[in-house]
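Below is one structure, written out as structure tokens, with a few remarks after it.
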Protein chains: 2
Amino acid sequence: MTKNISFIFLILFIQNSVFSQQKPQKQNVNFALAIHGGAGTILKKNMTPELEKEYTDKLNEALQKGYDTLSKGGSSLDAVIVSIKILEDSPLFNAGKGSVFTADGKNEMDASIMDGKTLMAGSVAGVRKIKNPITAARCVMEKSQHVMMVGNGAEQFAVQCKCDFADSAYFFDQKRWNQFQKIKEKELNKPVLDTTGSIKPSEVFFKDEKFGTVGLVALDKYGNLAAGTSTGGMTNKKYGRVGDSPIIGAGTYANNKTCAVSCTGHGEFFIRSVVAYDVSALMEYKGLSLADAANEVIMKKLVSLGAEGGLIAIDAKGNITMPFNSAGMYRGYMKSDGKKEILIYR
Amino acid sequence: MTKNISFIFLILFIQNSVFSQQKPQKQNVNFALAIHGGAGTILKKNMTPELEKEYTDKLNEALQKGYDTLSKGGSSLDAVIVSIKILEDSPLFNAGKGSVFTADGKNEMDASIMDGKTLMAGSVAGVRKIKNPITAARCVMEKSQHVMMVGNGAEQFAVQCKCDFADSAYFFDQKRWNQFQKIKEKELNKPVLDTTGSIKPSEVFFKDEKFGTVGLVALDKYGNLAAGTSTGGMTNKKYGRVGDSPIIGAGTYANNKTCAVSCTGHGEFFIRSVVAYDVSALMEYKGLSLADAANEVIMKKLVSLGAEGGLIAIDAKGNITMPFNSAGMYRGYMKSDGKKEILIYR
């Protein structure tokens, strides 16, 4: 009997040693993050080496700051805020400072954040004066009983949250203004109502210069996932249009059980397809891997609808996927095992 | 050879006859619809027989008009509009005319609609002057390239759509005003920011008098599903709060492949749980029946989060389910096989 028990312990000991040796080889990522700066018709032929470097440097800076946050034991939510704020503060991306102009020459921004541990979420839409909408979204999540606030109401709440505000001069960017004038001219003769009955994503409608979003997904040392998305909306947009970025389930979703997702693309299709949550549902209900689930949604479902865009996603093991069906997507990732990439084109 | 082929045809003929005989016995519903007028702490002890009759009569009227629409060959989208307009025009329900008051004593309404055949969708949020927000949502779906419009922008678009407008006198209701005053007083001493860090659905927060929504789901003769939801929001709401009703995937979803769903309840939890689309995903990816999928979401997932509410849902065969985890839900259904029910309590 004693002999038998000793034998079992010996087996368990050997088994344990083998596994503890295998572990670091198989999976030594204990934190990771991925970033995007929008998907669209981003073509090398339209880019200068200088501009390419500007984009790559800024993505690298945001990624590195998020990485440092996680490395020091910060939460995935902290990393989302730190990294997205850097992209919001840059004129290169359509979010925060770089936001495009609405039809009345103003800026209207949307942002959302979700905590995969608690399934709490916060979002703001149609805000005009908040310097970093992602911080307002976090405040809605953490300091209110609500998930979504829009317009002036959201700004009143952001005052309570002590968010930084900025005036229209801060948000003014000559390049964005020129894009706006160009698009306004093109669209001037289009009818107010679309009475064709069939709405297709036209060449004019989906252009890199017209859409744009930034986003971050992260896994922290404690195994918690988070996702955040921020956008300046759509150039020349009218009628208080809201896209997928501030919609939990469409543009942003996070759940420790499955994944954290941030989307970018033709928002209307992303809302109708409930894209971010769909990736999670395919993993949870159909048992698909993160990559297969994201691929199914972006490369099959959205393509069949004629919709352009992409997403970044991370699962609880630190696997990362960044599929897109457009010409390009500003994107990158970093993992605690040292792997890192920053990419723009296909 | 010829003999063999004849034999196969004979088998096919018999099989076919058997199935065509079974069909009408197994399933003779070719159109159906279900309606709700909100879920919450609706208790018989708080109700008078007169008020109960008023609610039942109005639900019956809306259901019957939607049924007549489908019976005459109208689409499921037409039925959604016809029925919801009747509830929006009644002061009994928190939608349209009966909308509750925001903290600044105004009305702010949200509505959404989705077409299960095309997966097109439309929604408006935070509108103050549109008599029937559900008609504005349909116009966004059919006459714009967008899915969601908020605030003044949505109202400008509704003007283009020739939607009916109404002034604040139309939306004024003494009963709602008294509720508002009562709740305002209760909440006066509450802190602006919730700094407890944990947000629970409190007794005060979820009351029938504070929330309320109307919705309709329908299957038409052509096998097409549609869903619509309309709400006056939350009494004494601040900061441009938006609930689940105008969020596609959360409060409303329709897809001919699976089901049409309209939700009512504590909107924040419904957004975070992507409730309407979750029912569809459980059917599509996990193979659950309509009733099992809806039950899983309302009676298990939401209950585990401590969230109150319910939903109505219909599938492509005309099966209907109406689960809720609150004390009551104004609800009813009609099917072309003659089945009909209107219910309030558990």
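By convention in this document, the chains of the structure tokens carry letters A, B, ... by their order, each chain's residues are numbered from 1, and ligands are numbered from 1 in the order they are shown.
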Pick out the chain A residues within 6 Å of chain B. Count only C-alpha atoms. Give them as number ranges by chain.
A: 143-144, 146-150, 153-154, 157, 193-195, 239-242, 268, 285-286
Could you turn the residues from that selection into a file that holds N, CA, C and O atoms, as a tab-separated table (two decimals), in the first residue's frame?
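What landed in result_18.tsv:
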```tsv
chain	number	residue	atom	x	y	z
A	143	LYS	N	-18.17	55.70	-12.93
A	143	LYS	CA	-18.75	56.66	-12.00
A	143	LYS	C	-20.23	56.96	-12.25
A	143	LYS	O	-20.75	57.95	-11.71
A	144	SER	N	-20.87	56.22	-13.12
A	144	SER	CA	-22.30	56.44	-13.32
A	144	SER	C	-23.01	55.09	-13.33
A	144	SER	O	-22.36	54.04	-13.40
A	146	HIS	N	-24.89	54.39	-15.74
A	146	HIS	CA	-25.26	54.24	-17.15
A	146	HIS	C	-24.14	53.62	-17.97
A	146	HIS	O	-23.00	53.51	-17.51
A	147	VAL	N	-24.47	53.26	-19.20
A	147	VAL	CA	-23.47	52.76	-20.13
A	147	VAL	C	-23.19	53.81	-21.20
A	147	VAL	O	-22.05	54.04	-21.56
A	148	MET	N	-24.24	54.45	-21.69
A	148	MET	CA	-24.06	55.34	-22.84
A	148	MET	C	-24.66	56.72	-22.57
A	148	MET	O	-25.78	56.83	-22.10
A	149	MET	N	-23.89	57.76	-22.89
A	149	MET	CA	-24.37	59.14	-22.79
A	149	MET	C	-24.05	59.85	-24.10
A	149	MET	O	-22.99	59.65	-24.67
A	150	VAL	N	-24.99	60.70	-24.55
A	150	VAL	CA	-24.76	61.38	-25.83
A	150	VAL	C	-24.84	62.91	-25.70
A	150	VAL	O	-25.49	63.44	-24.80
A	153	GLY	N	-25.37	66.28	-22.83
A	153	GLY	CA	-25.50	65.56	-21.56
A	153	GLY	C	-24.20	64.86	-21.19
A	153	GLY	O	-23.76	64.92	-20.04
A	154	ALA	N	-23.60	64.20	-22.18
A	154	ALA	CA	-22.33	63.50	-21.94
A	154	ALA	C	-21.25	64.50	-21.53
A	154	ALA	O	-20.41	64.21	-20.67
A	157	PHE	N	-21.65	65.54	-17.95
A	157	PHE	CA	-21.14	64.51	-17.06
A	157	PHE	C	-19.61	64.53	-17.03
A	157	PHE	O	-18.99	64.36	-15.96
A	193	LEU	N	-32.33	62.65	-49.27
A	193	LEU	CA	-32.80	61.32	-48.92
A	193	LEU	C	-32.35	60.34	-49.99
A	193	LEU	O	-32.37	60.65	-51.18
A	194	ASP	N	-31.95	59.17	-49.56
A	194	ASP	CA	-31.60	58.12	-50.49
A	194	ASP	C	-32.87	57.35	-50.79
A	194	ASP	O	-33.39	56.61	-49.96
A	195	THR	N	-33.41	57.56	-51.98
A	195	THR	CA	-34.70	56.94	-52.29
A	195	THR	C	-34.53	55.74	-53.22
A	195	THR	O	-35.49	55.24	-53.77
A	239	TYR	N	-26.90	65.00	-39.50
A	239	TYR	CA	-28.00	64.40	-38.76
A	239	TYR	C	-27.59	63.63	-37.52
A	239	TYR	O	-28.23	62.66	-37.16
A	240	GLY	N	-26.50	64.04	-36.88
A	240	GLY	CA	-26.10	63.36	-35.64
A	240	GLY	C	-25.88	61.88	-35.83
A	240	GLY	O	-26.19	61.08	-34.95
A	241	ARG	N	-25.33	61.51	-37.00
A	241	ARG	CA	-25.04	60.09	-37.27
A	241	ARG	C	-24.08	59.52	-36.22
A	241	ARG	O	-23.10	60.15	-35.85
A	242	VAL	N	-24.40	58.33	-35.74
A	242	VAL	CA	-23.51	57.63	-34.82
A	242	VAL	C	-23.12	56.31	-35.46
A	242	VAL	O	-23.98	55.58	-35.98
A	268	GLU	N	-21.90	51.42	-40.15
A	268	GLU	CA	-23.29	50.98	-40.30
A	268	GLU	C	-23.37	49.46	-40.42
A	268	GLU	O	-24.24	48.82	-39.81
A	285	TYR	N	-20.03	29.94	-28.24
A	285	TYR	CA	-21.11	29.00	-28.60
A	285	TYR	C	-20.71	27.96	-29.64
A	285	TYR	O	-21.31	26.91	-29.72
A	286	LYS	N	-19.73	28.33	-30.50
A	286	LYS	CA	-19.37	27.40	-31.58
A	286	LYS	C	-17.99	26.80	-31.36
A	286	LYS	O	-17.54	25.96	-32.15
```
How many Å lie between CA of Ile81 in chain A and CA of Thr213 in chain A, rounded to one decimal?
14.7 Å
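One finds CA of Glu88 in chain B at 24.3 Å from CA of Asn325 in chain B.
Put simply, CA of Lys85 in chain B is 12.8 Å away from CA of Gln64 in chain B.
Compared by their closest atoms to Ala169 in chain A, and using only C-alpha atoms, the residues A:Gly74, A:Gly98, A:Pro323, A:Gly40 rank with A:Gly98 nearest.
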Apply DSSP to the structure's backbone, then extract all residues of range 216-327 of chain A labelled alpha helix (DSSP H) and return them as a ChimeraX atom specification.
/A:267-272,275-286,290-295,302-305
Saved selection, atoms kept: N, CA and C atoms, as a short mmCIF file (atom, residue, chain, number, x, y, z; two decimals), in the first residue's frame:
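Result file out-v4.cif:
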```cif
data_model
loop_
_atom_site.label_atom_id
_atom_site.label_comp_id
_atom_site.auth_asym_id
_atom_site.auth_seq_id
_atom_site.Cartn_x
_atom_site.Cartn_y
_atom_site.Cartn_z
N GLY A 267 -19.04 51.73 -40.28
CA GLY A 267 -19.76 51.52 -39.02
C GLY A 267 -21.16 50.98 -39.14
N GLU A 268 -21.90 51.42 -40.15
CA GLU A 268 -23.29 50.98 -40.30
C GLU A 268 -23.37 49.46 -40.42
N PHE A 269 -22.47 48.87 -41.18
CA PHE A 269 -22.46 47.42 -41.34
C PHE A 269 -22.01 46.72 -40.07
N PHE A 270 -21.11 47.38 -39.34
CA PHE A 270 -20.62 46.79 -38.09
C PHE A 270 -21.72 46.77 -37.03
N ILE A 271 -22.59 47.80 -37.04
CA ILE A 271 -23.72 47.80 -36.11
C ILE A 271 -24.69 46.67 -36.46
N ARG A 272 -25.09 46.62 -37.74
CA ARG A 272 -26.08 45.63 -38.18
C ARG A 272 -25.58 44.20 -37.97
N VAL A 275 -20.68 43.17 -34.78
CA VAL A 275 -19.39 42.54 -35.08
C VAL A 275 -18.59 42.12 -33.84
N ALA A 276 -18.34 43.05 -32.92
CA ALA A 276 -17.45 42.74 -31.80
C ALA A 276 -17.99 41.59 -30.95
N TYR A 277 -19.31 41.63 -30.65
CA TYR A 277 -19.89 40.55 -29.86
C TYR A 277 -19.96 39.25 -30.66
N ASP A 278 -20.12 39.36 -31.98
CA ASP A 278 -20.22 38.16 -32.80
C ASP A 278 -18.95 37.32 -32.71
N VAL A 279 -17.79 37.97 -32.64
CA VAL A 279 -16.53 37.24 -32.49
C VAL A 279 -16.57 36.43 -31.18
N SER A 280 -17.02 37.09 -30.12
CA SER A 280 -17.12 36.44 -28.81
C SER A 280 -18.11 35.28 -28.84
N ALA A 281 -19.27 35.50 -29.49
CA ALA A 281 -20.31 34.47 -29.54
C ALA A 281 -19.84 33.24 -30.32
N LEU A 282 -19.11 33.47 -31.42
CA LEU A 282 -18.58 32.35 -32.22
C LEU A 282 -17.59 31.52 -31.40
N MET A 283 -16.82 32.19 -30.54
CA MET A 283 -15.89 31.46 -29.68
C MET A 283 -16.65 30.70 -28.60
N GLU A 284 -17.58 31.39 -27.93
CA GLU A 284 -18.27 30.79 -26.79
C GLU A 284 -19.24 29.68 -27.20
N TYR A 285 -20.03 29.94 -28.24
CA TYR A 285 -21.11 29.00 -28.60
C TYR A 285 -20.71 27.96 -29.64
N LYS A 286 -19.73 28.33 -30.50
CA LYS A 286 -19.37 27.40 -31.58
C LYS A 286 -17.99 26.80 -31.36
N LEU A 290 -9.94 32.20 -31.53
CA LEU A 290 -10.02 33.65 -31.73
C LEU A 290 -9.83 34.00 -33.20
N ALA A 291 -8.78 33.45 -33.81
CA ALA A 291 -8.46 33.79 -35.21
C ALA A 291 -9.58 33.35 -36.15
N ASP A 292 -10.10 32.14 -35.94
CA ASP A 292 -11.17 31.64 -36.81
C ASP A 292 -12.45 32.47 -36.66
N ALA A 293 -12.77 32.83 -35.42
CA ALA A 293 -13.98 33.61 -35.17
C ALA A 293 -13.88 34.99 -35.83
N ALA A 294 -12.75 35.66 -35.65
CA ALA A 294 -12.56 36.99 -36.22
C ALA A 294 -12.55 36.93 -37.75
N ASN A 295 -11.93 35.88 -38.26
CA ASN A 295 -11.87 35.68 -39.70
C ASN A 295 -13.25 35.47 -40.30
N LEU A 302 -18.83 40.01 -43.32
CA LEU A 302 -18.83 41.41 -43.76
C LEU A 302 -18.57 41.51 -45.26
N VAL A 303 -17.70 40.66 -45.78
CA VAL A 303 -17.42 40.68 -47.23
C VAL A 303 -18.70 40.37 -48.00
N SER A 304 -19.50 39.42 -47.50
CA SER A 304 -20.74 39.06 -48.21
C SER A 304 -21.74 40.21 -48.20
N LEU A 305 -21.63 41.10 -47.22
CA LEU A 305 -22.50 42.29 -47.17
C LEU A 305 -21.90 43.44 -47.98
#
```
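Considering the residues B:Ala34, B:Leu87, B:Ile342, B:Ala39 and counting only C-alpha atoms, Gly309 in chain B has its shortest atom-to-atom contact with B:Ala39.
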Could you pull the residues within 10 Å of Phe101 in chain A, counting only C-alpha atoms, minus those fewer than 6 positions along the same chain, as a PyMOL selection string?
chain A and resi 94+107-109+171-173+176-181+210+232-237
Write to file, as a compact mmCIF listing (two decimals), in the first residue's frame, the residues of the selection just made, with N, CA, C and O atoms.
```txt
# COMPACT_ATOMS: atom_id res chain seq x y z
N ASN A 94 -8.03 59.75 -36.96
CA ASN A 94 -9.36 60.34 -36.84
C ASN A 94 -9.98 60.01 -35.48
O ASN A 94 -10.84 59.14 -35.36
N ASN A 107 -16.57 69.23 -34.92
CA ASN A 107 -16.08 67.88 -34.65
C ASN A 107 -17.05 67.19 -33.71
O ASN A 107 -17.52 67.80 -32.74
N GLU A 108 -17.37 65.96 -33.99
CA GLU A 108 -18.26 65.19 -33.12
C GLU A 108 -17.62 63.83 -32.91
O GLU A 108 -17.43 63.07 -33.86
N MET A 109 -17.27 63.55 -31.66
CA MET A 109 -16.49 62.35 -31.37
C MET A 109 -17.28 61.31 -30.56
O MET A 109 -18.18 61.67 -29.82
N PHE A 171 -9.01 71.43 -32.02
CA PHE A 171 -9.41 70.34 -32.92
C PHE A 171 -9.20 70.70 -34.40
O PHE A 171 -9.37 69.85 -35.26
N PHE A 172 -8.86 71.99 -34.67
CA PHE A 172 -8.70 72.37 -36.07
C PHE A 172 -7.41 71.83 -36.64
O PHE A 172 -6.33 71.96 -36.07
N ASP A 173 -7.52 71.22 -37.82
CA ASP A 173 -6.33 70.72 -38.51
C ASP A 173 -6.52 71.04 -39.99
O ASP A 173 -7.54 70.68 -40.58
N ARG A 176 -7.28 68.05 -42.39
CA ARG A 176 -8.65 67.55 -42.23
C ARG A 176 -9.65 68.52 -42.86
O ARG A 176 -10.64 68.12 -43.46
N TRP A 177 -9.39 69.81 -42.69
CA TRP A 177 -10.29 70.83 -43.23
C TRP A 177 -10.32 70.75 -44.76
O TRP A 177 -11.39 70.83 -45.38
N ASN A 178 -9.16 70.54 -45.35
CA ASN A 178 -9.09 70.42 -46.81
C ASN A 178 -9.83 69.18 -47.31
O ASN A 178 -10.56 69.24 -48.30
N GLN A 179 -9.67 68.07 -46.58
CA GLN A 179 -10.41 66.83 -46.92
C GLN A 179 -11.91 67.10 -46.89
O GLN A 179 -12.66 66.70 -47.78
N PHE A 180 -12.32 67.79 -45.83
CA PHE A 180 -13.74 68.11 -45.62
C PHE A 180 -14.28 68.93 -46.79
O PHE A 180 -15.35 68.63 -47.35
N GLN A 181 -13.52 69.97 -47.20
CA GLN A 181 -13.96 70.82 -48.31
C GLN A 181 -14.11 70.00 -49.59
O GLN A 181 -15.06 70.19 -50.35
N LYS A 210 -12.48 59.52 -45.18
CA LYS A 210 -13.80 59.79 -44.64
C LYS A 210 -14.07 59.10 -43.31
O LYS A 210 -14.76 59.63 -42.47
N GLY A 232 -13.39 60.10 -34.53
CA GLY A 232 -13.89 61.43 -34.88
C GLY A 232 -15.03 61.33 -35.87
O GLY A 232 -15.48 62.34 -36.41
N GLY A 233 -15.51 60.11 -36.09
CA GLY A 233 -16.68 59.92 -36.95
C GLY A 233 -16.37 59.95 -38.43
O GLY A 233 -15.36 59.41 -38.87
N MET A 234 -17.22 60.63 -39.18
CA MET A 234 -17.22 60.54 -40.63
C MET A 234 -17.18 61.97 -41.19
O MET A 234 -17.94 62.82 -40.72
N THR A 235 -16.27 62.22 -42.11
CA THR A 235 -16.19 63.57 -42.68
C THR A 235 -17.53 63.97 -43.31
O THR A 235 -18.16 63.16 -44.00
N ASN A 236 -17.93 65.21 -43.08
CA ASN A 236 -19.16 65.77 -43.67
C ASN A 236 -20.42 65.06 -43.19
O ASN A 236 -21.45 65.08 -43.86
N LYS A 237 -20.36 64.40 -42.03
CA LYS A 237 -21.54 63.68 -41.55
C LYS A 237 -22.63 64.65 -41.12
O LYS A 237 -22.36 65.75 -40.63
```
